>>> print(open('structure12.txt').read())   # compact mmCIF, C-alpha atoms
# COMPACT_ATOMS: atom_id res chain seq x y z
CA MET A 1 -119.19 22.97 43.90
CA ARG A 2 -118.42 19.33 43.28
CA THR A 3 -115.24 20.40 41.39
CA ARG A 4 -113.87 22.41 44.33
CA THR A 5 -114.58 19.51 46.65
CA ALA A 6 -112.68 17.06 44.43
CA VAL A 7 -109.66 19.36 44.22
CA GLY A 8 -109.64 19.79 47.96
CA ALA A 9 -109.75 16.06 48.48
CA ALA A 10 -106.86 15.53 46.08
CA LEU A 11 -104.74 18.11 47.88
CA LEU A 12 -105.52 16.43 51.19
CA VAL A 13 -104.32 13.06 49.85
CA VAL A 14 -101.04 14.55 48.54
CA ALA A 15 -100.37 16.33 51.84
CA THR A 16 -101.09 13.15 53.76
CA LEU A 17 -98.67 11.10 51.64
CA ALA A 18 -95.94 13.74 51.96
CA GLY A 19 -96.42 13.83 55.70
CA CYS A 20 -96.10 10.07 55.94
CA GLY A 21 -92.88 10.12 53.94
CA ALA A 22 -91.39 12.82 56.15
CA GLU A 23 -92.43 10.92 59.28
CA GLU A 24 -90.83 7.72 57.97
CA GLY A 25 -87.58 9.53 57.19
CA ALA A 26 -87.52 11.10 60.63
CA THR A 27 -88.22 7.75 62.29
CA SER A 28 -85.53 5.85 60.41
CA GLY A 29 -82.92 8.62 60.76
CA LYS A 30 -81.76 7.97 57.21
CA GLN A 31 -80.61 10.80 55.01
CA PRO A 32 -80.26 10.72 51.24
CA SER A 33 -76.84 9.49 50.17
CA ALA A 34 -74.46 12.08 48.78
CA LYS A 35 -74.03 11.81 45.07
CA ALA A 36 -70.84 12.52 43.20
CA SER A 37 -70.87 15.79 41.38
CA PRO A 38 -71.15 15.21 37.63
CA SER A 39 -68.73 18.10 37.08
CA ALA A 40 -65.88 16.54 39.14
CA ASP A 41 -63.41 14.03 37.73
CA CYS A 42 -62.87 11.76 40.74
CA SER A 43 -59.82 10.17 39.11
CA ASP A 44 -58.10 13.56 38.86
CA THR A 45 -55.12 13.41 41.25
CA SER A 46 -54.91 17.23 41.31
CA LEU A 47 -58.19 17.45 43.26
CA SER A 48 -57.68 18.68 46.80
CA GLN A 49 -58.77 16.45 49.64
CA SER A 50 -61.71 18.72 50.50
CA GLU A 51 -62.86 18.77 46.86
CA TRP A 52 -62.64 14.98 46.64
CA VAL A 53 -64.60 14.52 49.88
CA LYS A 54 -67.28 16.97 48.76
CA SER A 55 -67.69 15.64 45.23
CA CYS A 56 -66.62 12.01 45.24
CA ALA A 57 -67.05 10.44 48.68
CA GLY A 58 -70.40 8.69 48.98
CA ASP A 59 -72.44 7.18 51.79
CA GLY A 60 -71.08 9.67 54.31
CA GLU A 61 -67.59 8.09 54.23
CA GLU A 62 -64.63 10.41 53.94
CA ALA A 63 -62.01 9.91 51.28
CA GLY A 64 -58.94 7.96 52.22
CA THR A 65 -60.35 6.64 55.50
CA GLY A 66 -61.27 3.16 54.30
CA GLY A 67 -64.22 3.40 56.66
CA ASP A 68 -62.04 2.82 59.72
CA GLY A 69 -60.77 6.31 60.44
CA ALA A 70 -57.24 5.68 59.13
CA ASP A 71 -55.75 8.11 56.68
CA GLY A 72 -55.32 5.48 53.97
CA ALA A 73 -51.52 5.83 53.86
CA PRO A 74 -49.22 2.92 54.86
CA PRO A 75 -47.76 3.18 58.36
CA ALA A 76 -44.65 5.30 58.54
CA GLY A 77 -41.54 3.14 58.77
CA GLU A 78 -37.87 2.99 58.01
CA THR A 79 -36.43 1.11 55.05
CA VAL A 80 -34.04 -1.64 56.15
CA HIS A 81 -31.71 -2.84 53.39
CA VAL A 82 -29.76 -6.08 53.13
CA LEU A 83 -26.08 -6.68 52.48
CA GLY A 84 -25.23 -5.55 48.94
CA ASP A 85 -27.97 -2.93 48.67
CA PRO A 86 -26.82 0.62 47.79
CA ALA A 87 -28.28 3.61 49.60
CA LEU A 88 -28.03 7.28 48.63
CA THR A 89 -26.81 9.34 51.57
CA VAL A 90 -26.15 13.05 52.06
CA GLY A 91 -22.50 13.98 52.50
CA ASP A 92 -20.89 15.57 55.53
CA GLN A 93 -22.52 18.89 56.51
CA GLY A 94 -25.07 18.38 53.75
CA ALA A 95 -22.57 18.62 50.86
CA GLY A 96 -22.86 16.19 47.95
CA VAL A 97 -24.37 12.71 47.79
CA LEU A 98 -22.61 9.42 48.53
CA GLU A 99 -23.86 6.03 47.44
CA MET A 100 -23.02 3.65 50.29
CA THR A 101 -22.97 -0.09 49.57
CA PRO A 102 -21.98 -2.55 52.31
CA THR A 103 -20.73 -5.57 50.39
CA SER A 104 -19.21 -8.13 52.78
CA VAL A 105 -19.19 -8.97 56.47
CA VAL A 106 -16.56 -10.98 58.35
CA PHE A 107 -16.70 -12.25 61.95
CA THR A 108 -13.30 -12.89 63.51
CA GLU A 109 -11.76 -13.38 66.96
CA LYS A 110 -8.46 -11.74 66.03
CA SER A 111 -7.01 -9.09 63.77
CA ASP A 112 -3.29 -9.05 63.07
CA GLY A 113 -2.59 -10.34 66.57
CA ASN A 114 -5.16 -8.09 68.30
CA ALA A 115 -8.06 -9.64 70.19
CA PRO A 116 -11.44 -8.01 70.85
CA SER A 117 -12.19 -6.74 74.33
CA LYS A 118 -15.52 -8.61 74.11
CA ASP A 119 -16.08 -11.73 71.99
CA VAL A 120 -15.71 -10.93 68.32
CA PHE A 121 -14.68 -8.34 65.76
CA VAL A 122 -17.25 -7.70 63.04
CA VAL A 123 -15.81 -6.12 59.90
CA VAL A 124 -18.02 -4.75 57.11
CA THR A 125 -16.58 -3.62 53.77
CA VAL A 126 -18.27 -0.62 52.17
CA LYS A 127 -18.05 0.79 48.65
CA LYS A 128 -18.44 4.59 48.71
CA ARG A 129 -19.19 6.54 45.52
CA PRO A 130 -20.27 10.17 44.90
CA THR A 131 -23.29 10.43 42.62
CA THR A 132 -23.16 14.17 41.98
CA ALA A 133 -20.75 16.47 40.18
CA ALA A 134 -19.42 17.70 43.51
CA PRO A 135 -16.98 15.84 45.78
CA ALA A 136 -18.41 14.39 48.97
CA GLU A 137 -17.22 13.12 52.33
CA GLU A 138 -18.95 10.78 54.74
CA SER A 139 -20.42 12.25 57.92
CA SER A 140 -18.14 12.43 60.93
CA PRO A 141 -18.68 10.43 64.12
CA MET A 142 -17.41 13.53 65.92
CA GLY A 143 -20.80 15.06 65.11
CA SER A 144 -24.13 13.28 64.88
CA GLY A 145 -23.13 11.06 61.97
CA GLY A 146 -21.02 7.99 61.34
CA TRP A 147 -21.37 4.20 61.52
CA GLN A 148 -22.98 2.10 64.24
CA TRP A 149 -23.93 -1.50 64.88
CA LYS A 150 -27.41 -1.98 66.31
CA ALA A 151 -27.66 -5.12 68.42
CA PRO A 152 -30.84 -7.24 68.47
CA ASP A 153 -31.88 -5.64 71.77
CA GLY A 154 -31.60 -2.18 70.18
CA GLN A 155 -28.30 -1.07 71.74
CA ALA A 156 -26.25 1.09 69.34
CA LEU A 157 -22.49 0.51 69.36
CA SER A 158 -20.11 2.86 67.59
CA GLU A 159 -17.51 1.85 65.06
CA GLY A 160 -14.05 1.99 66.62
CA ASP A 161 -15.17 1.21 70.19
CA GLY A 162 -13.30 -1.33 72.33
CA GLU A 163 -10.34 -2.79 70.45
CA SER A 164 -11.93 -2.35 67.03
CA TYR A 165 -9.83 0.77 66.40
CA ASN A 166 -6.89 -1.66 66.00
CA VAL A 167 -8.60 -3.38 63.07
CA VAL A 168 -6.89 -1.86 60.02
CA LEU A 169 -7.21 -3.38 56.55
CA SER A 170 -4.69 -2.26 53.96
CA ASP A 171 -7.07 -2.80 51.03
CA PHE A 172 -10.11 -1.30 52.75
CA ASN A 173 -8.85 1.81 54.44
CA THR A 174 -9.87 5.14 52.89
CA SER A 175 -10.96 8.40 54.44
CA GLY A 176 -11.48 12.02 53.43
CA VAL A 177 -13.12 13.63 50.42
CA ILE A 178 -14.07 11.41 47.49
CA GLN A 179 -13.93 13.00 44.06
CA PRO A 180 -16.81 12.70 41.58
CA GLY A 181 -16.42 10.00 38.96
CA SER A 182 -14.52 7.74 41.37
CA PHE A 183 -15.19 5.37 44.26
CA VAL A 184 -13.27 4.01 47.24
CA TRP A 185 -13.30 0.91 49.44
CA ASP A 186 -13.43 1.22 53.20
CA ALA A 187 -14.23 -1.01 56.17
CA GLU A 188 -16.12 -0.47 59.42
CA ALA A 189 -15.08 -2.55 62.44
CA PHE A 190 -16.96 -3.28 65.67
CA ASP A 191 -15.98 -4.96 68.95
CA LEU A 192 -19.03 -6.94 70.08
CA THR A 193 -20.31 -9.67 72.35
CA ALA A 194 -21.62 -12.81 70.66
CA ALA A 195 -25.19 -11.75 71.44
CA GLN A 196 -24.67 -8.27 70.00
CA ALA A 197 -23.12 -9.64 66.81
CA LYS A 198 -25.93 -12.08 66.11
CA ALA A 199 -28.61 -10.74 63.74
CA GLY A 200 -27.34 -7.17 64.05
CA THR A 201 -28.08 -4.14 61.90
CA LEU A 202 -25.49 -1.85 60.33
CA VAL A 203 -26.49 1.82 60.64
CA TYR A 204 -25.08 4.89 58.90
CA VAL A 205 -26.21 8.37 59.93
CA ASP A 206 -25.57 10.80 57.06
CA GLY A 207 -24.88 14.53 56.87
CA GLU A 208 -28.55 15.39 57.36
CA GLY A 209 -29.01 13.10 60.34
CA VAL A 210 -30.89 10.43 58.38
CA ALA A 211 -30.23 6.85 59.54
CA HIS A 212 -29.71 4.25 56.78
CA GLN A 213 -29.91 0.61 57.88
CA TRP A 214 -28.79 -2.78 56.59
CA LYS A 215 -29.72 -6.07 58.18
CA MET A 216 -26.53 -8.14 58.52
CA PRO A 217 -26.09 -11.91 58.04
CA GLU A 218 -25.12 -14.00 61.06
CA GLN A 219 -22.05 -15.47 59.34
CA ASN A 220 -19.35 -14.46 56.87
CA ALA A 221 -20.92 -13.31 53.61
CA GLY A 222 -20.07 -11.30 50.50
CA PRO A 223 -17.55 -11.36 47.63
CA GLN A 224 -14.70 -9.79 49.65
CA VAL A 225 -14.64 -12.33 52.52
CA ALA A 226 -11.44 -14.10 51.41
CA GLU A 227 -9.65 -10.80 50.80
CA VAL A 228 -10.70 -9.42 54.17
CA LYS A 229 -9.64 -12.57 56.00
CA LYS A 230 -6.26 -12.45 54.31
CA ASP A 231 -5.93 -8.79 55.27
CA LEU A 232 -6.79 -9.69 58.86
CA SER A 233 -4.30 -12.56 58.83
CA THR A 234 -7.00 -14.93 60.02
CA VAL A 235 -7.59 -18.55 59.16
CA GLY A 236 -10.92 -20.35 58.85
>>> encode(input="structure12.txt", output="structure tokens")
Amino acid sequence: MRTRTAVGAALLVVATLAGCGAEEGATSGKQPSAKASPSADCSDTSLSQSEWVKSCAGDGEEAGTGGDGADGAPPAGETVHVLGDPALTVGDQGAGVLEMTPTSVVFTEKSDGNAPSKDVFVVVTVKKRPTTAAPAEESSPMGSGGWQWKAPDGQALSEGDGESYNVVLSDFNTSGVIQPGSFVWDAEAFDLTAAQAKAGTLVYVDGEGVAHQWKMPEQNAGPQVAEVKKDLSTVG
């Protein structure tokens, strides 16, 4: 009889302790932390997001959130190049690939006797080279493509507007299809106010509608400046 009583007492103690633990957990609201599955390789980049969250994310924090609800990826943004940087662009109507490299910029108040309708002509020389085995042509401004100058206030101005269509450089004047294994020199000219020309951005929209951008210097720059100025018949 004493044996049964002792067993009963022991069971009562265990039940009481278990009940206290459950009550404490309920009071605190804490749940056991999730543990990484020993069968999952958390460094395996082929794991799906759901698998990673289930097996590798601990302390109730989802993978890739950084604890702040963000997706962990850098903010989406556009690459802005500088003068001299090449950019791979899709050719007209999606055919071929052209490497576009703006190399020099010249600011001038006249071009072979022609004056701008605003304050200044801005001329940018561009090296254009196919990088595929197929010929390529730059996108046409008659469609959604072509060259623009983006002013500091965001206004986009098209190449050839105003009196800039009169800016013609003999050494930088090529159009049409460019054959693979070769390159050409061309120039884009803009008729701008002084405010539009300052700290502007050169923009090229390619054959797939993608805008490529280059931040331009505020003064003459690049290896072709002297040649361009001679071509423009300008001094200083």
>>> residues_around(input="structure12.txt", residues="region 205-211 of chain A", least_positions_apart="6", cutoff="8 Å", atoms="only C-alpha atoms", output="JSON, numbers by chain")
{"A": [89, 90, 91, 92, 93, 94, 95, 138, 139, 144, 145, 146, 147]}
>>> closest_atom_pairs(input="structure12.txt", of="region 194-216 of chain A", to="region 150-153 of chain A", cutoff="6 Å", atoms="all atoms listed in the file", output="Markdown table")
| residue | atom | partner | partner_atom | distance |
| --- | --- | --- | --- | --- |
| A:Gln196 | CA | A:Ala151 | CA | 4.6 |
| A:Gly200 | CA | A:Ala151 | CA | 4.8 |
| A:Thr201 | CA | A:Lys150 | CA | 5.0 |
>>> residues_around(input="structure12.txt", residues="Ala189 (chain A)", least_positions_apart="3", cutoff="8 Å", atoms="all atoms listed in the file", output="NGL selection string")
:A and (121-124 or 159-160 or 164-165 or 167)
>>> closest_residue(input="structure12.txt", among="A:Asp161, A:Asp119, A:Glu99, A:Asp231", to="Pro141 (chain A)", atoms="all atoms listed in the file")
A:Asp161
>>> residues_around(input="structure12.txt", residues="Gln219 (chain A)", least_positions_apart="6", cutoff="8 Å", atoms="only C-alpha atoms", output="MDAnalysis selection string")
chainID A and resid 105:107
>>> closest_residue(input="structure12.txt", among="A:Glu109, A:Glu218, A:Glu188, A:Asp171", to="Ser158 (chain A)", atoms="all atoms listed in the file")
A:Glu188
>>> atom_distance(input="structure12.txt", atom1="CA of Ala199 (chain A)", atom2="CA of Phe183 (chain A)")
28.6 Å
>>> atom_distance(input="structure12.txt", atom1="CA of Lys118 (chain A)", atom2="CA of Lys230 (chain A)")
22.2 Å
>>> atom_distance(input="structure12.txt", atom1="CA of Thr131 (chain A)", atom2="CA of Gln148 (chain A)")
23.2 Å
>>> residues_around(input="structure12.txt", residues="Ser170 (chain A)", least_positions_apart="6", cutoff="12 Å", atoms="only C-alpha atoms", output="ChimeraX atom specification")
/A:112,125,185-187,227-233
>>> closest_residue(input="structure12.txt", among="A:Gly162, A:Pro223, A:Gly154, A:Pro86", to="Ser117 (chain A)", atoms="only C-alpha atoms")
A:Gly162
